[in-house]
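Just query11.cif here, mmCIF, C-alpha atoms:
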```
data_data
loop_
_atom_site.label_atom_id
_atom_site.label_comp_id
_atom_site.auth_asym_id
_atom_site.auth_seq_id
_atom_site.Cartn_x
_atom_site.Cartn_y
_atom_site.Cartn_z
CA MET A 1 18.49 16.52 -25.84
CA ILE A 2 15.61 14.26 -25.03
CA ASP A 3 12.36 14.09 -26.89
CA GLU A 4 9.57 15.37 -24.66
CA LYS A 5 7.13 12.87 -26.18
CA ASN A 6 9.30 10.09 -24.85
CA LEU A 7 9.37 11.61 -21.40
CA ILE A 8 5.57 11.77 -21.42
CA ARG A 9 5.37 8.14 -22.47
CA TYR A 10 7.73 7.17 -19.66
CA VAL A 11 5.72 9.09 -17.07
CA LEU A 12 2.56 7.42 -18.35
CA ARG A 13 4.14 4.00 -17.96
CA LEU A 14 4.74 4.70 -14.31
CA GLY A 15 1.28 6.18 -13.89
CA ASP A 16 -0.36 3.21 -15.61
CA ASP A 17 1.44 0.72 -13.36
CA ALA A 18 0.15 2.59 -10.34
CA LEU A 19 -3.43 3.06 -11.56
CA ILE A 20 -3.95 -0.52 -12.66
CA MET A 21 -2.35 -1.97 -9.55
CA GLY A 22 -4.41 0.38 -7.39
CA HIS A 23 -7.59 -0.60 -9.16
CA ARG A 24 -6.93 -4.31 -8.74
CA LEU A 25 -6.33 -3.75 -5.03
CA SER A 26 -9.44 -1.63 -4.70
CA GLU A 27 -11.49 -4.60 -5.91
CA TRP A 28 -10.87 -6.13 -2.49
CA THR A 29 -12.78 -3.37 -0.75
CA SER A 30 -15.47 -5.07 1.35
CA ARG A 31 -14.24 -8.50 0.18
CA ALA A 32 -11.04 -8.95 2.19
CA PRO A 33 -10.81 -11.84 4.68
CA PHE A 34 -11.59 -9.61 7.67
CA LEU A 35 -12.25 -6.00 8.52
CA GLU A 36 -8.73 -4.90 9.52
CA GLU A 37 -7.21 -6.40 6.38
CA ASP A 38 -9.93 -4.79 4.32
CA LEU A 39 -8.82 -1.39 5.58
CA GLY A 40 -5.16 -2.29 5.16
CA LEU A 41 -5.57 -3.35 1.53
CA THR A 42 -7.74 -0.37 0.72
CA ASN A 43 -5.12 1.94 2.16
CA VAL A 44 -2.52 0.41 -0.12
CA ALA A 45 -4.93 0.76 -3.05
CA LEU A 46 -5.33 4.45 -2.24
CA ASP A 47 -1.56 4.90 -2.11
CA PHE A 48 -1.31 3.52 -5.63
CA VAL A 49 -4.18 5.57 -7.03
CA GLY A 50 -2.63 8.67 -5.43
CA ARG A 51 0.66 7.79 -7.07
CA ALA A 52 -1.07 7.39 -10.44
CA ARG A 53 -2.55 10.88 -10.05
CA MET A 54 0.86 12.42 -9.43
CA PHE A 55 2.32 10.82 -12.55
CA TYR A 56 -0.72 11.66 -14.69
CA GLN A 57 -0.78 15.26 -13.48
CA TYR A 58 2.83 15.60 -14.47
CA ALA A 59 2.16 13.98 -17.87
CA ALA A 60 -0.77 16.37 -18.36
CA GLN A 61 1.41 19.34 -17.52
CA LEU A 62 4.01 18.20 -20.05
CA THR A 63 1.32 17.59 -22.66
CA GLY A 64 -0.34 20.96 -22.18
CA GLY A 65 -3.63 22.08 -23.72
CA ALA A 66 -6.84 20.77 -22.23
CA THR A 67 -5.30 17.48 -21.12
CA THR A 68 -5.80 16.55 -17.47
CA GLU A 69 -5.02 13.53 -15.31
CA ASP A 70 -8.52 12.25 -16.09
CA THR A 71 -7.81 12.28 -19.81
CA PHE A 72 -5.21 9.60 -19.26
CA ALA A 73 -7.17 7.52 -16.78
CA TYR A 74 -10.57 7.60 -18.43
CA THR A 75 -10.28 8.19 -22.16
CA ARG A 76 -7.47 5.97 -23.36
CA ASP A 77 -8.20 2.57 -24.80
CA VAL A 78 -6.53 -0.65 -23.81
CA ARG A 79 -3.77 -0.48 -26.44
CA GLU A 80 -2.74 2.95 -25.17
CA PHE A 81 -2.14 1.68 -21.65
CA SER A 82 1.47 0.77 -21.02
CA ASN A 83 1.40 -0.83 -17.58
CA LEU A 84 3.36 -4.00 -16.81
CA LEU A 85 1.28 -7.13 -17.28
CA ILE A 86 1.75 -8.25 -13.69
CA CYS A 87 -0.32 -5.25 -12.53
CA GLU A 88 -3.38 -6.11 -14.58
CA LEU A 89 -3.81 -9.84 -13.84
CA PRO A 90 -7.16 -10.54 -12.16
CA ARG A 91 -6.90 -10.35 -8.42
CA GLY A 92 -7.34 -14.12 -7.93
CA ASP A 93 -7.52 -15.41 -4.37
CA PHE A 94 -5.97 -13.65 -1.40
CA ALA A 95 -2.70 -15.58 -1.78
CA PHE A 96 -2.44 -14.43 -5.39
CA THR A 97 -3.03 -10.79 -4.49
CA ILE A 98 -0.49 -10.93 -1.67
CA THR A 99 2.12 -12.66 -3.83
CA ARG A 100 1.67 -10.23 -6.72
CA GLN A 101 1.95 -7.31 -4.36
CA PHE A 102 5.05 -8.65 -2.68
CA LEU A 103 6.83 -9.44 -5.97
CA TYR A 104 5.95 -5.99 -7.28
CA ASP A 105 6.80 -4.03 -4.12
CA ALA A 106 10.17 -5.79 -3.84
CA PHE A 107 10.85 -4.23 -7.24
CA ALA A 108 9.10 -0.89 -6.64
CA LEU A 109 11.10 0.05 -3.57
CA PRO A 110 14.60 -0.08 -5.11
CA PHE A 111 13.12 1.39 -8.30
CA LEU A 112 11.80 4.44 -6.43
CA LYS A 113 15.06 4.85 -4.54
CA GLN A 114 16.77 5.13 -7.93
CA LEU A 115 14.09 7.40 -9.37
CA LYS A 116 14.76 9.81 -6.50
CA GLN A 117 18.13 10.40 -8.16
CA SER A 118 16.50 11.31 -11.46
CA THR A 119 17.70 14.52 -13.10
CA ASP A 120 14.01 15.28 -13.65
CA SER A 121 13.15 16.99 -10.38
CA HIS A 122 9.43 16.36 -10.75
CA LEU A 123 9.93 12.60 -11.04
CA ALA A 124 12.42 12.67 -8.18
CA ALA A 125 9.86 14.40 -5.94
CA ILE A 126 7.12 11.88 -6.74
CA ALA A 127 9.56 9.06 -6.04
CA ALA A 128 10.50 10.50 -2.66
CA LYS A 129 6.88 10.48 -1.56
CA ALA A 130 6.11 7.04 -2.99
CA GLU A 131 9.22 5.46 -1.51
CA LYS A 132 7.88 5.87 2.02
CA GLU A 133 4.64 4.18 1.07
CA SER A 134 6.43 1.34 -0.67
CA THR A 135 8.62 0.73 2.36
CA TYR A 136 5.46 0.04 4.32
CA HIS A 137 3.84 -1.99 1.53
CA LEU A 138 6.86 -4.25 1.33
CA ARG A 139 6.91 -4.76 5.09
CA ARG A 140 3.23 -5.73 5.02
CA GLY A 141 3.68 -8.01 2.03
CA ARG A 142 6.71 -9.76 3.45
CA GLU A 143 4.85 -10.61 6.64
CA TRP A 144 1.86 -11.94 4.77
CA VAL A 145 4.05 -14.10 2.53
CA MET A 146 5.66 -15.64 5.62
CA ARG A 147 2.32 -16.06 7.36
CA LEU A 148 0.69 -17.80 4.41
CA GLY A 149 3.73 -19.72 3.13
CA ASP A 150 4.56 -21.04 6.57
CA GLY A 151 0.91 -21.30 7.60
CA THR A 152 -1.47 -24.17 6.95
CA ASP A 153 -1.26 -26.80 4.20
CA GLU A 154 -4.01 -24.93 2.41
CA SER A 155 -2.33 -21.51 2.54
CA HIS A 156 1.04 -23.03 1.57
CA ALA A 157 -0.50 -24.75 -1.46
CA ARG A 158 -2.21 -21.54 -2.54
CA MET A 159 1.04 -19.61 -2.27
CA LEU A 160 2.77 -22.20 -4.46
CA ASP A 161 0.01 -21.83 -7.03
CA ALA A 162 0.25 -18.05 -6.95
CA LEU A 163 4.03 -18.08 -7.39
CA ASP A 164 3.70 -20.53 -10.24
CA GLN A 165 1.20 -18.30 -12.02
CA LEU A 166 3.04 -15.04 -11.38
CA TRP A 167 6.70 -15.80 -11.77
CA GLY A 168 6.71 -15.65 -15.56
CA TYR A 169 5.44 -12.08 -15.41
CA THR A 170 8.33 -10.81 -13.30
CA ALA A 171 10.86 -10.79 -16.15
CA GLU A 172 9.05 -7.82 -17.64
CA LEU A 173 9.91 -5.72 -14.58
CA PHE A 174 13.54 -5.66 -15.69
CA GLU A 175 13.16 -5.07 -19.39
CA VAL A 176 14.42 -1.86 -20.96
CA ASP A 177 13.46 -0.74 -24.47
CA ASP A 178 14.90 2.01 -26.69
CA LEU A 179 12.65 4.64 -25.23
CA GLU A 180 13.92 3.95 -21.72
CA GLU A 181 17.48 3.50 -22.88
CA ASN A 182 17.52 7.09 -24.12
CA LEU A 183 16.02 8.41 -20.94
CA ILE A 184 18.45 6.37 -18.85
CA ASN A 185 21.33 7.95 -20.73
CA ALA A 186 19.88 11.36 -19.96
CA GLY A 187 19.78 10.49 -16.25
CA ILE A 188 16.00 10.65 -16.14
CA ALA A 189 14.82 7.04 -16.17
CA VAL A 190 15.79 4.16 -13.93
CA ASP A 191 17.77 1.32 -15.46
CA SER A 192 15.65 -1.47 -14.05
CA ARG A 193 18.02 -4.14 -15.42
CA LEU A 194 20.36 -3.20 -12.59
CA LEU A 195 17.70 -3.93 -9.98
CA GLN A 196 17.12 -7.57 -10.83
CA GLU A 197 19.80 -9.05 -8.61
CA GLN A 198 18.71 -7.05 -5.58
CA TRP A 199 15.10 -7.97 -6.25
CA LEU A 200 15.93 -11.67 -6.47
CA ASN A 201 17.81 -11.47 -3.18
CA THR A 202 14.91 -9.80 -1.38
CA VAL A 203 12.41 -12.23 -2.83
CA SER A 204 14.50 -15.38 -2.26
CA GLU A 205 15.20 -14.42 1.33
CA THR A 206 11.53 -13.97 2.18
CA LEU A 207 10.42 -17.04 0.26
CA SER A 208 12.94 -19.18 2.07
CA GLU A 209 11.72 -17.85 5.44
CA ALA A 210 8.22 -18.65 4.26
CA THR A 211 9.29 -22.23 3.41
CA LEU A 212 8.46 -21.56 -0.24
CA PRO A 213 10.81 -22.48 -3.11
CA VAL A 214 11.97 -19.93 -5.66
CA PRO A 215 10.05 -21.03 -8.78
CA GLU A 216 11.97 -22.63 -11.60
CA THR A 217 9.53 -21.34 -14.17
CA THR A 218 11.24 -20.55 -17.46
CA TRP A 219 8.40 -19.05 -19.51
CA THR A 220 8.05 -15.29 -19.55
CA ALA A 221 5.38 -12.90 -20.77
CA ASN A 222 5.77 -9.30 -21.81
CA GLY A 223 4.24 -6.66 -24.04
CA GLY A 224 2.59 -4.37 -21.50
CA ARG A 225 4.96 -1.48 -22.21
CA SER A 226 4.00 -1.52 -25.89
CA GLY A 227 0.26 -1.87 -25.25
CA ILE A 228 -0.03 -5.61 -25.86
CA HIS A 229 -2.09 -6.74 -22.89
CA THR A 230 -3.82 -9.78 -21.47
CA GLU A 231 -7.55 -9.88 -22.11
CA SER A 232 -8.31 -8.97 -18.51
CA LEU A 233 -7.18 -5.36 -18.87
CA GLY A 234 -10.09 -4.62 -21.23
CA TYR A 235 -12.59 -5.75 -18.60
CA LEU A 236 -10.83 -3.75 -15.92
CA LEU A 237 -10.96 -0.59 -18.02
CA THR A 238 -14.61 -1.16 -18.85
CA GLU A 239 -15.40 -0.88 -15.17
CA LEU A 240 -12.87 1.84 -14.40
CA GLN A 241 -13.94 4.08 -17.29
CA TYR A 242 -17.66 3.35 -17.38
CA MET A 243 -18.91 6.70 -16.06
CA GLN A 244 -16.78 8.84 -18.35
CA ARG A 245 -17.59 6.66 -21.34
CA ALA A 246 -21.32 6.77 -20.68
CA TYR A 247 -21.43 10.46 -19.67
CA PRO A 248 -18.40 12.16 -21.24
CA GLY A 249 -17.14 15.10 -19.22
CA LEU A 250 -19.27 14.21 -16.21
CA CYS A 251 -18.17 16.01 -13.05
CA TRP A 252 -18.91 15.36 -9.40
CA MET B 1 -11.28 -16.15 9.75
CA ALA B 2 -11.70 -13.45 12.37
CA ASP B 3 -12.48 -16.28 14.80
CA HIS B 4 -8.82 -17.25 14.98
CA LEU B 5 -7.70 -13.72 15.62
CA GLN B 6 -6.90 -12.10 18.93
CA LEU B 7 -8.29 -8.83 20.14
CA PHE B 8 -5.84 -5.98 20.76
CA GLU B 9 -6.33 -2.59 22.38
CA VAL B 10 -4.70 0.33 20.59
CA PHE B 11 -3.07 3.33 22.25
CA ILE B 12 -1.75 6.29 20.32
CA ARG B 13 0.42 9.18 21.36
CA SER B 14 -0.67 12.08 19.23
CA ARG B 15 2.26 14.38 19.98
CA ARG B 16 5.58 14.19 21.71
CA GLY B 17 5.17 14.89 25.40
CA LEU B 18 1.57 13.67 25.58
CA ASP B 19 0.39 10.36 27.01
CA HIS B 20 -0.67 7.41 24.93
CA LYS B 21 -4.44 7.48 24.70
CA HIS B 22 -6.75 4.54 24.18
CA VAL B 23 -8.34 4.91 20.73
CA GLY B 24 -10.04 1.56 20.16
CA SER B 25 -9.42 -2.08 19.47
CA LEU B 26 -8.86 -4.39 16.51
CA HIS B 27 -8.33 -8.03 15.57
CA ALA B 28 -4.98 -9.40 14.45
CA ASP B 29 -3.02 -12.62 14.38
CA ASP B 30 -0.10 -11.38 16.49
CA PRO B 31 1.24 -8.13 18.01
CA GLU B 32 3.32 -7.26 14.96
CA GLN B 33 0.32 -7.48 12.67
CA ALA B 34 -1.78 -5.61 15.21
CA LEU B 35 0.70 -2.74 15.07
CA GLU B 36 0.38 -2.54 11.29
CA TYR B 37 -3.39 -2.64 11.39
CA ALA B 38 -3.38 0.00 14.12
CA ARG B 39 -1.46 2.20 11.72
CA ASP B 40 -3.96 1.48 8.92
CA VAL B 41 -7.10 1.77 11.01
CA TYR B 42 -6.30 4.60 13.41
CA THR B 43 -3.52 6.84 12.05
CA ARG B 44 -4.24 7.58 8.41
CA ARG B 45 -4.76 11.27 9.04
CA GLY B 46 -1.52 11.85 10.85
CA GLU B 47 -2.91 11.24 14.32
CA GLY B 48 0.16 9.87 15.99
CA VAL B 49 3.84 9.68 16.61
CA SER B 50 3.80 6.42 18.56
CA ILE B 51 1.50 3.40 18.80
CA TRP B 52 1.15 0.78 21.51
CA VAL B 53 -0.86 -2.38 21.04
CA VAL B 54 -1.74 -4.61 23.97
CA ALA B 55 -3.55 -7.94 23.83
CA SER B 56 -6.93 -7.28 25.40
CA LYS B 57 -6.66 -10.46 27.44
CA ASP B 58 -3.60 -9.04 29.19
CA ILE B 59 -5.55 -6.14 30.60
CA THR B 60 -6.92 -6.58 34.09
CA ALA B 61 -9.92 -4.33 34.51
CA SER B 62 -12.05 -3.28 37.46
CA GLN B 63 -15.65 -4.42 37.41
CA GLU B 64 -18.86 -2.43 37.58
CA SER B 65 -19.68 -4.34 40.77
CA ASP B 66 -16.52 -3.01 42.40
CA CYS B 67 -17.78 0.57 42.19
CA ASP B 68 -18.96 0.75 45.78
CA SER B 69 -15.78 -0.42 47.38
CA PHE B 70 -13.53 1.31 44.90
CA TYR B 71 -14.92 4.80 44.51
CA ASP B 72 -17.59 5.64 47.03
CA PRO B 73 -15.24 6.17 49.98
CA LEU B 74 -13.73 9.12 48.10
CA ASP B 75 -16.96 11.07 47.97
CA ASP B 76 -17.01 12.12 51.63
CA LYS B 77 -13.43 13.35 51.60
CA PRO B 78 -13.86 16.72 49.92
CA TYR B 79 -10.29 17.75 50.69
CA ARG B 80 -9.21 15.24 48.04
CA HIS B 81 -10.96 17.29 45.37
CA ALA B 82 -9.40 20.38 43.89
CA SER B 83 -12.75 22.18 44.03
CA MET B 84 -12.42 22.29 47.82
CA TYR B 85 -9.62 24.83 47.59
CA GLU B 86 -9.87 28.46 46.68
CA LEU B 87 -7.43 29.67 44.11
CA PRO B 88 -4.90 32.21 45.31
CA GLU B 89 -5.20 35.63 43.81
CA GLY B 90 -3.66 36.07 40.40
CA ILE B 91 -4.20 32.47 39.36
CA ASP B 92 -7.09 31.87 36.96
CA SER B 93 -6.94 28.15 36.68
CA LEU B 94 -5.03 25.13 37.76
#
```

What do you get writing this file as structure tokens?
Amino acid sequence: MIDEKNLIRYVLRLGDDALIMGHRLSEWTSRAPFLEEDLGLTNVALDFVGRARMFYQYAAQLTGGATTEDTFAYTRDVREFSNLLICELPRGDFAFTITRQFLYDAFALPFLKQLKQSTDSHLAAIAAKAEKESTYHLRRGREWVMRLGDGTDESHARMLDALDQLWGYTAELFEVDDLEENLINAGIAVDSRLLQEQWLNTVSETLSEATLPVPETTWTANGGRSGIHTESLGYLLTELQYMQRAYPGLCW
Amino acid sequence: MADHLQLFEVFIRSRRGLDHKHVGSLHADDPEQALEYARDVYTRRGEGVSIWVVASKDITASQESDCDSFYDPLDDKPYRHASMYELPEGIDSL
């Protein structure tokens, strides 16, 4: 028998990843290198925000009472967010955003394929929808990584920088704590430890095509799942939650 | 950056059995990227089942100045227009 509180926390983790990633992407709106890419990035941002809504709606349904998806997005403080750190890092330059997205999507796709097998039919249904989006995101990301890595000296150097900054945050993608361990045993959660090898293959293959080395970084950072975040998440939430904080309960 | 990009024309087939229809143009670095942008720019509301992208420079187009020699000779040949013929009884439209 699983504890429903733990299921809610797991669903919120997945929702938080999606919301924070989507918000970071949305910051590119009107700032992307050119119009077509602006629309492309914004579309991906919308996919992630839509995904966050599905997870939050499910968490709200499990929670019951007056809780809604907005409760989770707009009224929780930074320590209550449980997204992976890689999602919240400031968007950086275009190479950084592309690299982050690629590293994450290479993880998200096999993750969602597994989540489709979840014994929780609600989670399985969300995963089925998101998997199609992630297939496209990964295709886009892979092409950009090759274009920039194997592009000009400038773009190559920026990709190296981005990889160097991001690599230490990828270890957290494959960490499993007690909460997840229990849900994995119940067939609900994905055991992301099992995805690491596949992820490394996908990433190494693309990096090598892009003439980029797999980083040899050994430091790692974690803590997102237990609410220990980088300072940038606070600033992100300040912007994201401003309206509801200033005018609680405000509706369109 | 857009200076380095090529212009592509986008054609979308909205349903099986219909023709590809010109819907607009966009900038991209190569055909593969153009195809992805075409998807992002022109098909977000489920408009299509198939997309073609063609580099605009590969399209040979008639010119405004060709109008006289191209189209005028057709005007005095009414039998080439469907409106010349009366519909047989029992047929409302063709």

Decode the PyMOL selection byres ((chain A) within 8 of (chain B)) for the given file into explicit residues and return them as a PyMOL selection string. chain A and resi 33-34+36-37+39-40+43+140

Give me, as a ChimeraX atom specification, all polymer residues having an atom no more than 12 Å from Gly249 in chain A, counting all atoms listed in the file and skipping those fewer than 4 positions away in the same chain. /A:68,70-71,74-75,241-245

Atomic distance CA of Thr97 in chain A - CA of Gly141 in chain A, expressed in Å with one decimal: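 Separation between CA of Thr97 in chain A and CA of Gly141 in chain A: 9.8 Å.
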
For the structure provided, state which residues fall under the PyMOL selection byres ((chain A and resi 119) around 6), and present them as a VMD selection string. chain A and resid 118 120 to 121 187 to 188

To one decimal in Å, tell me the separation between CA of Gly22 in chain A and CA of Glu172 in chain A.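 Calculated distance between CA of Gly22 in chain A and CA of Glu172 in chain A is 18.8 Å.
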
Contacts of Tyr235 in chain A at 12 Å (all atoms listed in the file; same-chain gap of 2+ positions) as a PDB file with C-alpha atoms, keeping the file's coordinate frame:
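Output (result14.pdb):
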```pdb
ATOM      1  CA  ILE A  20      -3.950  -0.520 -12.660  1.00  0.00           C
ATOM      2  CA  HIS A  23      -7.590  -0.600  -9.160  1.00  0.00           C
ATOM      3  CA  ARG A  24      -6.930  -4.310  -8.740  1.00  0.00           C
ATOM      4  CA  ASP A  77      -8.200   2.570 -24.800  1.00  0.00           C
ATOM      5  CA  VAL A  78      -6.530  -0.650 -23.810  1.00  0.00           C
ATOM      6  CA  GLU A  88      -3.380  -6.110 -14.580  1.00  0.00           C
ATOM      7  CA  LEU A  89      -3.810  -9.840 -13.840  1.00  0.00           C
ATOM      8  CA  PRO A  90      -7.160 -10.540 -12.160  1.00  0.00           C
ATOM      9  CA  HIS A 229      -2.090  -6.740 -22.890  1.00  0.00           C
ATOM     10  CA  THR A 230      -3.820  -9.780 -21.470  1.00  0.00           C
ATOM     11  CA  GLU A 231      -7.550  -9.880 -22.110  1.00  0.00           C
ATOM     12  CA  SER A 232      -8.310  -8.970 -18.510  1.00  0.00           C
ATOM     13  CA  LEU A 233      -7.180  -5.360 -18.870  1.00  0.00           C
ATOM     14  CA  LEU A 237     -10.960  -0.590 -18.020  1.00  0.00           C
ATOM     15  CA  THR A 238     -14.610  -1.160 -18.850  1.00  0.00           C
ATOM     16  CA  GLU A 239     -15.400  -0.880 -15.170  1.00  0.00           C
ATOM     17  CA  LEU A 240     -12.870   1.840 -14.400  1.00  0.00           C
ATOM     18  CA  GLN A 241     -13.940   4.080 -17.290  1.00  0.00           C
ATOM     19  CA  TYR A 242     -17.660   3.350 -17.380  1.00  0.00           C
TER      20      TYR A 242
END
```
